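K.L.:
The following file, coords-v6.pdb, comprises PDB, C-alpha atoms:
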```
ATOM      1  CA  MET B  22       0.000   0.000   0.000
ATOM      2  CA  THR B  23       2.938   2.344   0.540
ATOM      3  CA  ASP B  24       3.767   2.122  -3.202
ATOM      4  CA  LEU B  25       0.369   3.651  -3.915
ATOM      5  CA  LEU B  26       1.349   6.665  -1.794
ATOM      6  CA  LYS B  27       3.901   7.651  -4.480
ATOM      7  CA  ASN B  28       1.142   9.329  -6.491
ATOM      8  CA  PRO B  29       2.023  13.023  -7.118
ATOM      9  CA  ILE B  30      -1.022  14.255  -5.196
ATOM     10  CA  PHE B  31       0.484  12.714  -2.051
ATOM     11  CA  LEU B  32       3.941  14.225  -2.602
ATOM     12  CA  ASP B  33       3.446  17.682  -4.147
ATOM     13  CA  GLU B  34       1.365  20.359  -2.406
ATOM     14  CA  THR B  35       0.494  22.058  -5.708
ATOM     15  CA  GLY B  36      -0.605  18.750  -7.247
ATOM     16  CA  ALA B  37      -2.742  18.005  -4.185
ATOM     17  CA  ARG B  38      -4.396  21.426  -4.349
ATOM     18  CA  GLU B  39      -5.069  21.102  -8.091
ATOM     19  CA  TRP B  40      -6.547  17.618  -7.571
ATOM     20  CA  LEU B  41      -8.844  18.936  -4.846
ATOM     21  CA  GLU B  42      -9.855  21.947  -6.972
ATOM     22  CA  ALA B  43     -10.814  19.588  -9.805
ATOM     23  CA  ARG B  44     -13.094  17.651  -7.407
ATOM     24  CA  VAL B  45     -14.613  20.479  -5.373
ATOM     25  CA  TRP B  46     -14.949  22.941  -8.256
ATOM     26  CA  ALA B  47     -15.812  20.497 -11.051
ATOM     27  CA  ASN B  48     -18.114  23.098 -12.675
ATOM     28  CA  GLY B  49     -15.814  26.086 -12.075
ATOM     29  CA  ARG B  50     -14.743  28.067  -9.044
ATOM     30  CA  VAL B  51     -17.412  29.331  -6.632
ATOM     31  CA  CYS B  52     -16.923  31.920  -3.896
ATOM     32  CA  PRO B  53     -17.756  30.167  -0.599
ATOM     33  CA  HIS B  54     -18.672  33.477   1.027
ATOM     34  CA  CYS B  55     -21.298  34.846  -1.379
ATOM     35  CA  GLY B  56     -21.868  31.967  -3.845
ATOM     36  CA  ASN B  57     -20.610  33.923  -6.888
ATOM     37  CA  ALA B  58     -19.830  31.538  -9.769
ATOM     38  CA  ASP B  59     -19.071  34.167 -12.447
ATOM     39  CA  GLN B  60     -15.520  33.251 -13.510
ATOM     40  CA  ASP B  61     -14.909  36.814 -14.748
ATOM     41  CA  LYS B  62     -15.379  38.127 -11.204
ATOM     42  CA  LEU B  63     -13.105  35.543  -9.548
ATOM     43  CA  THR B  64      -9.400  36.312  -9.889
ATOM     44  CA  LYS B  65      -6.405  34.248  -8.923
ATOM     45  CA  LEU B  66      -3.996  36.149  -6.679
ATOM     46  CA  GLU B  67      -0.388  35.539  -7.599
ATOM     47  CA  GLY B  68       2.995  36.851  -6.588
ATOM     48  CA  LYS B  69       5.205  36.777  -3.541
ATOM     49  CA  ALA B  70       2.568  38.343  -1.294
ATOM     50  CA  HIS B  71       0.097  35.452  -1.736
ATOM     51  CA  ARG B  72       0.373  31.747  -1.167
ATOM     52  CA  PRO B  73      -0.542  29.467  -4.087
ATOM     53  CA  GLY B  74      -4.214  28.743  -4.705
ATOM     54  CA  VAL B  75      -5.674  31.976  -3.293
ATOM     55  CA  TYR B  76      -8.563  33.551  -5.197
ATOM     56  CA  GLN B  77     -10.521  36.745  -4.651
ATOM     57  CA  CYS B  78     -14.180  37.404  -5.326
ATOM     58  CA  ASN B  79     -14.647  40.758  -7.062
ATOM     59  CA  GLU B  80     -18.341  41.151  -6.321
ATOM     60  CA  PRO B  81     -18.712  44.666  -4.826
ATOM     61  CA  GLN B  82     -20.497  43.413  -1.691
ATOM     62  CA  CYS B  83     -18.090  40.488  -1.061
ATOM     63  CA  ARG B  84     -14.428  41.075  -2.072
ATOM     64  CA  GLN B  85     -13.322  38.142   0.135
ATOM     65  CA  GLN B  86     -10.277  35.951  -0.459
ATOM     66  CA  PHE B  87     -10.644  32.155  -0.432
ATOM     67  CA  THR B  88      -8.994  28.850  -1.309
ATOM     68  CA  VAL B  89     -10.403  25.463  -2.222
ATOM     69  CA  THR B  90     -10.214  24.350   1.417
ATOM     70  CA  VAL B  91     -12.670  26.992   2.715
ATOM     71  CA  ASN B  92     -15.862  25.345   4.058
ATOM     72  CA  THR B  93     -14.350  21.859   3.921
ATOM     73  CA  VAL B  94     -12.829  19.631   6.604
ATOM     74  CA  PHE B  95      -9.388  20.803   5.437
ATOM     75  CA  GLU B  96     -10.086  24.413   6.450
ATOM     76  CA  ARG B  97      -7.799  26.101   9.007
ATOM     77  CA  SER B  98      -5.484  23.116   9.338
ATOM     78  CA  LYS B  99      -1.719  23.389   9.524
ATOM     79  CA  ILE B 100      -1.409  19.777   8.331
ATOM     80  CA  PRO B 101      -0.298  19.782   4.673
ATOM     81  CA  LEU B 102      -2.965  18.927   2.120
ATOM     82  CA  THR B 103      -0.787  16.066   0.841
ATOM     83  CA  LYS B 104      -1.067  14.371   4.252
ATOM     84  CA  TRP B 105      -4.845  14.924   4.340
ATOM     85  CA  LEU B 106      -5.289  13.300   0.944
ATOM     86  CA  ALA B 107      -2.935  10.427   1.787
ATOM     87  CA  ALA B 108      -4.896   9.740   4.995
ATOM     88  CA  LEU B 109      -8.167   9.937   3.064
ATOM     89  CA  PHE B 110      -6.822   7.436   0.539
ATOM     90  CA  LEU B 111      -5.606   5.065   3.247
ATOM     91  CA  MET B 112      -8.959   5.190   5.035
ATOM     92  CA  THR B 113     -11.001   4.528   1.901
ATOM     93  CA  ALA B 114      -8.668   1.912   0.398
ATOM     94  CA  SER B 115      -8.534  -0.259   3.518
ATOM     95  CA  LYS B 116     -11.247  -2.937   3.633
ATOM     96  CA  LYS B 117     -11.264  -3.352   7.390
ATOM     97  CA  GLY B 118     -10.370   0.207   8.310
ATOM     98  CA  ILE B 119      -7.057   1.551   9.492
ATOM     99  CA  SER B 120      -5.985   2.775  12.873
ATOM    100  CA  ALA B 121      -4.740   6.269  13.564
ATOM    101  CA  HIS B 122      -1.507   4.777  14.856
ATOM    102  CA  GLN B 123      -0.870   2.971  11.565
ATOM    103  CA  VAL B 124      -1.530   6.167   9.569
ATOM    104  CA  HIS B 125       0.739   8.071  11.981
ATOM    105  CA  ARG B 126       3.572   5.662  11.203
ATOM    106  CA  MET B 127       2.948   5.656   7.441
ATOM    107  CA  LEU B 128       2.664   9.430   6.990
ATOM    108  CA  GLY B 129       5.315  10.480   9.489
ATOM    109  CA  ILE B 130       3.214  13.022  11.384
ATOM    110  CA  SER B 131       2.433  13.113  15.092
ATOM    111  CA  TYR B 132      -0.189  10.787  16.507
ATOM    112  CA  LYS B 133      -2.166  13.742  17.847
ATOM    113  CA  SER B 134      -2.353  15.343  14.387
ATOM    114  CA  THR B 135      -3.234  11.993  12.817
ATOM    115  CA  TRP B 136      -6.031  11.385  15.304
ATOM    116  CA  PHE B 137      -7.385  14.884  14.636
ATOM    117  CA  LEU B 138      -7.449  14.542  10.859
ATOM    118  CA  MET B 139      -8.857  10.995  10.928
ATOM    119  CA  HIS B 140     -11.605  12.094  13.305
ATOM    120  CA  ARG B 141     -12.550  14.939  10.944
ATOM    121  CA  LEU B 142     -12.461  12.649   7.901
ATOM    122  CA  ARG B 143     -14.598   9.985   9.592
ATOM    123  CA  GLU B 144     -17.196  12.575  10.577
ATOM    124  CA  ALA B 145     -17.229  13.962   7.034
ATOM    125  CA  MET B 146     -17.682  10.440   5.618
ATOM    126  CA  ARG B 147     -20.510   9.789   8.051
ATOM    127  CA  GLU B 148     -22.271  12.992   7.007
ATOM    128  CA  GLY B 149     -21.569  12.352   3.328
ATOM    129  CA  GLY B 150     -19.193  15.013   2.021
ATOM    130  CA  LEU B 151     -16.243  17.256   2.693
ATOM    131  CA  LEU B 152     -18.331  19.845   4.499
ATOM    132  CA  PRO B 153     -17.259  20.589   8.046
ATOM    133  CA  THR B 154     -19.043  18.817  10.864
ATOM    134  CA  MET B 155     -21.482  20.632  13.150
ATOM    135  CA  GLY B 156     -18.715  21.459  15.610
ATOM    136  CA  GLY B 157     -16.175  22.327  12.931
ATOM    137  CA  ALA B 158     -15.278  25.561  11.244
ATOM    138  CA  GLY B 159     -18.102  27.216   9.402
ATOM    139  CA  GLY B 160     -20.738  27.257  12.143
ATOM    140  CA  ALA B 161     -23.587  24.998  13.068
ATOM    141  CA  HIS B 162     -26.180  23.747  10.638
ATOM    142  CA  LYS B 163     -29.367  25.770  10.485
ATOM    143  CA  ASN B 164     -31.726  22.785  10.710
ATOM    144  CA  THR B 165     -32.096  20.570  13.739
ATOM    145  CA  VAL B 166     -33.288  16.989  13.757
ATOM    146  CA  LEU B 167     -35.689  16.211  16.571
ATOM    147  CA  SER B 168     -36.353  12.576  17.461
ATOM    148  CA  LEU B 169     -39.158  11.319  19.688
ATOM    149  CA  LEU B 170     -39.436   7.848  21.181
ATOM    150  CA  ASP B 171     -42.914   6.379  21.561
ATOM    151  CA  ARG B 172     -42.716   4.434  24.833
ATOM    152  CA  ASN B 173     -45.678   2.210  23.971
ATOM    153  CA  THR B 174     -44.475   1.005  20.558
ATOM    154  CA  GLY B 175     -40.735   1.615  20.950
ATOM    155  CA  LYS B 176     -40.583   3.361  17.560
ATOM    156  CA  VAL B 177     -38.624   6.537  16.952
ATOM    157  CA  ARG B 178     -40.021   9.392  14.879
ATOM    158  CA  SER B 179     -37.544  11.946  13.516
ATOM    159  CA  PHE B 180     -38.255  15.205  11.748
ATOM    160  CA  HIS B 181     -36.488  18.451  10.840
ATOM    161  CA  VAL B 182     -37.143  21.588  12.853
ATOM    162  CA  ALA B 183     -36.107  24.872  11.240
ATOM    163  CA  THR B 184     -35.710  26.682  14.566
ATOM    164  CA  ALA B 185     -35.418  24.889  17.862
ATOM    165  CA  ASN B 186     -35.698  26.497  21.254
ATOM    166  CA  ARG B 187     -36.936  25.408  24.651
ATOM    167  CA  GLU B 188     -40.424  26.853  24.233
ATOM    168  CA  ARG B 189     -41.022  25.204  20.872
ATOM    169  CA  CYS B 190     -39.630  21.781  21.757
ATOM    170  CA  CYS B 191     -41.249  21.556  25.186
ATOM    171  CA  ALA B 192     -44.652  23.056  24.327
ATOM    172  CA  ASP B 193     -46.334  19.660  23.990
ATOM    173  CA  CYS B 194     -44.301  17.770  26.561
ATOM    174  CA  PRO B 195     -46.661  16.267  29.179
ATOM    175  CA  ARG B 196     -44.305  17.135  32.050
ATOM    176  CA  GLN B 197     -44.226  20.798  30.959
ATOM    177  CA  ARG B 198     -48.014  20.913  30.677
ATOM    178  CA  PHE B 199     -48.329  19.405  34.168
ATOM    179  CA  GLN B 200     -45.928  21.981  35.618
ATOM    180  CA  ARG B 201     -47.941  24.778  33.979
ATOM    181  CA  GLY B 202     -51.110  23.410  35.607
ATOM    182  CA  ALA B 203     -52.783  22.076  32.448
ATOM    183  CA  PHE B 204     -53.630  18.752  34.141
ATOM    184  CA  ASP B 205     -54.978  20.156  37.400
ATOM    185  CA  ASP B 206     -58.494  18.920  38.034
ATOM    186  CA  GLY B 207     -59.055  21.138  41.001
ATOM    187  CA  PRO B 208     -57.435  23.778  43.154
ATOM    188  CA  SER B 209     -53.840  23.204  44.170
ATOM    189  CA  GLU B 210     -54.727  23.047  47.873
ATOM    190  CA  ASP B 211     -56.682  19.809  47.217
ATOM    191  CA  LEU B 212     -53.483  18.207  45.883
ATOM    192  CA  SER B 213     -51.426  19.385  48.839
ATOM    193  CA  GLN B 214     -53.961  17.878  51.294
ATOM    194  CA  ALA B 215     -54.005  14.588  49.416
ATOM    195  CA  TRP B 216     -50.226  14.302  49.499
ATOM    196  CA  GLY B 217     -50.179  15.677  52.969
TER     197      GLY B 217
END
```
Rewrite the structure of this file - the entire thing - as structure tokens.

P.N.:
Amino acid sequence: MTDLLKNPIFLDETGAREWLEARVWANGRVCPHCGNADQDKLTKLEGKAHRPGVYQCNEPQCRQQFTVTVNTVFERSKIPLTKWLAALFLMTASKKGISAHQVHRMLGISYKSTWFLMHRLREAMREGGLLPTMGGAGGAHKNTVLSLLDRNTGKVRSFHVATANRERCCADCPRQRFQRGAFDDGPSEDLSQAWG
């Protein structure tokens, strides 16, 4: 398997970035900040003042700089992109999975860094893409999944909630209705005498 890691995308940072750009921007570059896809308004910044792969959106309201790693699991990582892609390859090419310690030995980076990148990659695979996880860079998702367990049947019902807060989620909870007095059949002093 180590012979397969001699692919140029695992050795050259520019080759790795170009490979990722071809996958993420298959239909052309898109500004991750404003969504601009007009190639005439996206310019590549070159020269000694800029690192390779930096683009700028020239929309008047945006004017932000970005790279292909913005809004992906690779964002804000000091680990080279070649190591990320090599770890991704090792994880997907292994039938039975691969441990972080094995990847640490194969890639020659610290175990702590390897654990971090493998954790991010596993979460991204679980969610189905290179988007950051809910706790990652880029903020939390706007939709929340709410699941309810029916104690009589044992079945779980799940549905999306656009906005979730305590009042909305607990409005129909029987315990909340009891605490608000919705189940009182009589005055509260009758209950206190009964429980005495």

K.L.:
Give me, please, the distance in Å between CA of His71 (chain B) and CA of Ala145 (chain B), quoted to one decimal.

P.N.:
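Separation of CA of His71 (chain B) and CA of Ala145 (chain B): 29.0 Å.
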
K.L.:
Grab the CA of Leu111 (chain B) to CA of Trp136 (chain B) distance for me, in Å with one decimal place.

P.N.:
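Atom-to-atom, CA of Leu111 (chain B) and CA of Trp136 (chain B) are spaced 13.6 Å apart.
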
K.L.:
Any chance you could work out the residue set of the PyMOL selection byres ((chain B and resi 130) around 12) here, as JSON, numbers by chain?

P.N.:
{"B": [99, 100, 101, 103, 104, 105, 107, 108, 121, 122, 123, 124, 125, 126, 127, 128, 129, 131, 132, 133, 134, 135, 136, 137, 138]}

K.L.:
Would you mind reading off the distance between CA of Val45 (chain B) and CA of Lys117 (chain B), one decimal, in Å?

P.N.:
27.2 Å

K.L.:
Give me, as a ChimeraX atom specification, all polymer residues having an atom no more than 9 Å from Gln77 (chain B), counting all atoms listed in the file and skipping those fewer than 5 positions away in the same chain.

P.N.:
/B:52,62-66,84-88

K.L.:
Restricted to C-alpha atoms, what would the selected residues look like written as a JSON list (two decimals), keeping the file's coordinate frame?

P.N.:
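New file result_26.json:
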```json
[["chain", "number", "residue", "atom", "x", "y", "z"],
["B", 52, "CYS", "CA", -16.92, 31.92, -3.90],
["B", 62, "LYS", "CA", -15.38, 38.13, -11.20],
["B", 63, "LEU", "CA", -13.10, 35.54, -9.55],
["B", 64, "THR", "CA", -9.40, 36.31, -9.89],
["B", 65, "LYS", "CA", -6.40, 34.25, -8.92],
["B", 66, "LEU", "CA", -4.00, 36.15, -6.68],
["B", 84, "ARG", "CA", -14.43, 41.08, -2.07],
["B", 85, "GLN", "CA", -13.32, 38.14, 0.14],
["B", 86, "GLN", "CA", -10.28, 35.95, -0.46],
["B", 87, "PHE", "CA", -10.64, 32.16, -0.43],
["B", 88, "THR", "CA", -8.99, 28.85, -1.31]]
```

K.L.:
With the PyMOL selection byres ((chain B and resi 35) around 12) as the selection, what would be picked from this file? Answer as an MDAnalysis selection string, please.

P.N.:
chainID B and resid 29:34 36:42 72:75 89 101:103

K.L.:
Evaluate the PyMOL selection byres ((chain B and resi 95) around 9) here and jot the selected residues down as a VMD selection string.

P.N.:
chain B and resid 90 to 94 96 to 98 100 102 105 138 141 151 153

K.L.:
What's around Ala58 (chain B) at 12 Å? Count all atoms listed in the file, leave out sequence neighbours fewer than 3 positions away in its own chain, and write the answer as an MDAnalysis selection string.

P.N.:
chainID B and resid 46:55 61:64 77:80

K.L.:
Measuring atom to atom with all atoms listed in the file, identify which of B:Asn173, B:Arg44, B:Gly56, B:Ala70 is nearest to Cys83 (chain B).

P.N.:
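Under the stated criterion, the closest residue is B:Gly56.
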